[in-house]
Every structure is written in C-alpha cells, then in structure tokens.
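Let me begin by presenting the structure, written as structure tokens, before commenting on it.
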Amino acid sequence: MFRIGILTVSDRASRGEYDDHSGPAIRQFVTGRLGGEVVQSAIVPDERERIAATLRAWCDEAGLDLILTTGGTGFAPRDMTPEATRDVIEREAPGLAEAMRAASLKVTPHAMLTRAVAGIRGRTLIINLPGSPKAVLENLETIAPALPHGLGLLRGDAGASERHAFRGTEAHHGDTESTEKK
C-alpha cells in the first residue's frame, strides 16, 4: 500500500472562502483505484515557500511515497505550485506531466496553459495536478496505469524492475536481430 499526501493549493480555500472539491476527488481516486492510504492532507495558500516547506516535510519527515498537489499550476500571478515543486525535487519526471497535457488537449485547448511538473525527491514522487475536480480525475486516469510500477521502483520493491514490460508485450531492449532483418 502506498502512503500518499494530498496538498491543495488555493488562497480562497485556505481562508475558508471556498470548499475544496479537488482534494476529496483525489482522495477517492487514490484510495479506490490505486489502493493507497492518504496519510497527509492540507490546504495551503498560493505561497511558494509555504508550498515548498510542506512538500519537503512530507518527503523528508513523513516519508510519503506519492504527493499529489492540486491547484496553482496556471498562468495567474499567484500560481506558484510548479516553482515550489521545482525548488524541492531532485529529479524531474517529465513524462508524467507530458502525458497529462497530451491527454487533456483532447478535451480542451486550455490544457496547453498548464505549467504542471512532476519529479522525485528522495523516494517520493510529487505530481502537480490542475485545480478543477474534473481535470484532476482526467489527469489521474491518464497516469494511473504507470504509477504503481513507478512507485514500486522508487521504493525498491523486489521485482519492480522485472515487471517493466507492459502486459501482453515483449520488451526487445538490445534486440538487434529483429531490426536488422527488416
């Protein structure tokens, strides 16, 4: 079971002026679909250092496997989630953000305006998600098939690297014979 944190980034929700709907949507998805356990959740304002401090604490002190942020990824002047995430991560995982953008572009042209990033700090994967509950679920559906394997690799689970081939396919890494005969 993966230990998960959900961080909602919203000035209005942090002041109690707006009910957070994305955080609960993420919780329902990760506990149901991923079988994860949400052990940390918080709502913070769009303040770069506050976001970064929460991410650091959840990675370094709580030892979470996965942190999902929601909100603060757009063009608004106070949208600072990607910058705060980059302040914290040690390695980017661009394929996750690219996959989410590509899938979202099939739904709305506004998807190209997201600045969401994904990356790794220690053994924790951090992924920025949009602020709307609908977009959160669409993005999670896109990346969910890859998350258990990626998180298993980060945790060093026995056999995680052996399960690298996708179901029903054979990986031909280094198989020059199949390309040379063509």
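Ordered as shown in the structure tokens, chains take letters A, B, and onward, while each chain numbers its residues from 1 and ligands are numbered from 1 in the order shown.
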- Report as number ranges by chain: the residues of range 68-165 of chain A with a DSSP assignment of helix (DSSP H, G or I), based on the backbone of this structure. A: 81-88, 94-105, 109-113, 133-143, 147-155
With only C-alpha atoms as the counted atoms, please give the residues lying no more than 8 Å from range 139-145 of chain A, apart from itself and same-chain residues fewer than 3 positions off, as a list of chain:residue names.
A:Phe29, A:Leu34, A:Leu96, A:Ala99, A:Met100, A:Ala103, A:Ser104, A:Leu129, A:Ala135, A:Val136, A:Pro148
Write out as a ChimeraX atom specification which residues come within 10 Å of Met80 in chain A when counting only C-alpha atoms, dropping same-chain ones fewer than 5 positions away. /A:9,45-49,51-52,71-75,85,115-116
Can those selected residues be exported to a file as a short mmCIF file (atom, residue, chain, number, x, y, z; two decimals), in the first residue's frame so that it contains N, CA and C atoms?
```cif
data_model
loop_
_atom_site.label_atom_id
_atom_site.label_comp_id
_atom_site.auth_asym_id
_atom_site.auth_seq_id
_atom_site.Cartn_x
_atom_site.Cartn_y
_atom_site.Cartn_z
N VAL A 9 -3.61 23.64 -3.12
CA VAL A 9 -3.02 24.97 -3.13
C VAL A 9 -4.08 25.96 -3.61
N PRO A 45 -2.13 28.34 1.15
CA PRO A 45 -2.28 29.43 0.18
C PRO A 45 -1.23 29.32 -0.92
N ASP A 46 -1.47 30.06 -1.99
CA ASP A 46 -0.54 30.11 -3.12
C ASP A 46 0.71 30.90 -2.74
N GLU A 47 1.51 30.34 -1.88
CA GLU A 47 2.75 30.97 -1.44
C GLU A 47 3.88 29.98 -1.65
N ARG A 48 4.80 30.36 -2.50
CA ARG A 48 5.86 29.44 -2.94
C ARG A 48 6.59 28.76 -1.80
N GLU A 49 7.03 29.50 -0.81
CA GLU A 49 7.81 28.90 0.27
C GLU A 49 6.94 28.01 1.16
N ILE A 51 4.33 26.26 0.16
CA ILE A 51 4.12 25.02 -0.61
C ILE A 51 5.38 24.16 -0.52
N ALA A 52 6.53 24.77 -0.78
CA ALA A 52 7.80 24.03 -0.78
C ALA A 52 8.09 23.43 0.60
N GLY A 71 -4.04 22.50 -7.89
CA GLY A 71 -4.16 23.95 -7.93
C GLY A 71 -2.82 24.64 -8.10
N GLY A 72 -2.90 25.90 -8.55
CA GLY A 72 -1.72 26.74 -8.66
C GLY A 72 -0.80 26.44 -9.82
N THR A 73 -1.31 25.81 -10.88
CA THR A 73 -0.45 25.41 -11.99
C THR A 73 -0.66 26.25 -13.25
N GLY A 74 -1.51 27.26 -13.19
CA GLY A 74 -1.85 28.03 -14.38
C GLY A 74 -1.01 29.28 -14.56
N PHE A 75 -1.60 30.25 -15.23
CA PHE A 75 -0.91 31.49 -15.59
C PHE A 75 -1.15 32.63 -14.62
N THR A 85 7.48 23.27 -6.47
CA THR A 85 7.82 21.86 -6.69
C THR A 85 9.25 21.75 -7.21
N ARG A 115 1.19 24.52 -16.36
CA ARG A 115 2.64 24.51 -16.15
C ARG A 115 3.02 23.41 -15.17
N ALA A 116 2.13 22.44 -14.98
CA ALA A 116 2.34 21.35 -14.02
C ALA A 116 3.64 20.61 -14.29
#
```
Looking at only C-alpha atoms, which of A:Arg50, A:Val39, A:Gly5, A:Pro133 is the one that sits closest to Asp19 in chain A?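 Closest to Asp19 in chain A, using only C-alpha atoms: A:Pro133.
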Could you pull out the residues in range 77-135 of chain A that DSSP calls strand (DSSP E or B) from the backbone, as a list of chain:residue names?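 Selection result, strand (DSSP E or B) within range 77-135 of chain A: A:Arg91, A:Glu92, A:Ala118, A:Gly119, A:Ile120, A:Arg121, A:Thr124, A:Leu125, A:Ile126, A:Ile127, A:Asn128, A:Leu129.
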Can you list, as a PDB file with N, CA and C atoms, in the first residue's frame, every protein, DNA or RNA residue that comes within 8 Å of range 55-59 of chain A when you count only C-alpha atoms, leaving out same-chain residues fewer than 5 positions away?
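Saved result, selection11.pdb, follows:
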```
ATOM      1  N   GLY A   5       0.139  11.757   0.098  1.00  0.00           N
ATOM      2  CA  GLY A   5      -0.231  13.064   0.614  1.00  0.00           C
ATOM      3  C   GLY A   5      -0.954  13.854  -0.455  1.00  0.00           C
ATOM      4  N   GLN A  40      -1.446  12.137   4.744  1.00  0.00           N
ATOM      5  CA  GLN A  40      -1.264  13.584   4.938  1.00  0.00           C
ATOM      6  C   GLN A  40      -2.186  14.312   3.971  1.00  0.00           C
ATOM      7  N   LEU A  64       6.569   9.968   2.597  1.00  0.00           N
ATOM      8  CA  LEU A  64       5.476   9.545   1.717  1.00  0.00           C
ATOM      9  C   LEU A  64       6.014   8.957   0.413  1.00  0.00           C
ATOM     10  N   ASP A  65       5.228   8.088  -0.189  1.00  0.00           N
ATOM     11  CA  ASP A  65       5.575   7.527  -1.490  1.00  0.00           C
ATOM     12  C   ASP A  65       5.171   8.475  -2.625  1.00  0.00           C
ATOM     13  N   ILE A  67       3.074  12.349  -3.489  1.00  0.00           N
ATOM     14  CA  ILE A  67       2.384  13.585  -3.115  1.00  0.00           C
ATOM     15  C   ILE A  67       1.709  14.106  -4.364  1.00  0.00           C
ATOM     16  N   THR A  85       7.477  23.268  -6.471  1.00  0.00           N
ATOM     17  CA  THR A  85       7.823  21.861  -6.688  1.00  0.00           C
ATOM     18  C   THR A  85       9.253  21.748  -7.207  1.00  0.00           C
ATOM     19  N   VAL A  88      11.953  21.897  -4.700  1.00  0.00           N
ATOM     20  CA  VAL A  88      12.033  20.744  -3.804  1.00  0.00           C
ATOM     21  C   VAL A  88      12.585  19.488  -4.487  1.00  0.00           C
ATOM     22  N   ARG A 121      11.841  13.510  -5.114  1.00  0.00           N
ATOM     23  CA  ARG A 121      12.722  13.933  -4.021  1.00  0.00           C
ATOM     24  C   ARG A 121      12.936  12.700  -3.154  1.00  0.00           C
ATOM     25  N   GLY A 122      14.176  12.255  -3.093  1.00  0.00           N
ATOM     26  CA  GLY A 122      14.451  11.026  -2.352  1.00  0.00           C
ATOM     27  C   GLY A 122      13.703   9.868  -2.985  1.00  0.00           C
ATOM     28  N   ARG A 123      12.785   9.287  -2.203  1.00  0.00           N
ATOM     29  CA  ARG A 123      11.962   8.173  -2.700  1.00  0.00           C
ATOM     30  C   ARG A 123      10.500   8.580  -2.850  1.00  0.00           C
ATOM     31  N   THR A 124      10.261   9.889  -2.927  1.00  0.00           N
ATOM     32  CA  THR A 124       8.897  10.404  -3.045  1.00  0.00           C
ATOM     33  C   THR A 124       8.670  10.995  -4.426  1.00  0.00           C
TER      34      THR A 124
END
```
### Task
Record the distance separating CA of Leu113 in chain A and CA of Val30 in chain A, expressed in Å with one decimal.
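Rounded to one decimal, the two atoms are 25.3 Å apart.
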Nearby residues (only C-alpha atoms) at most 7 Å from Val117 in chain A, same-chain spacing under 6 positions excluded, as a VMD selection string: chain A and resid 82 94 97 127 to 128
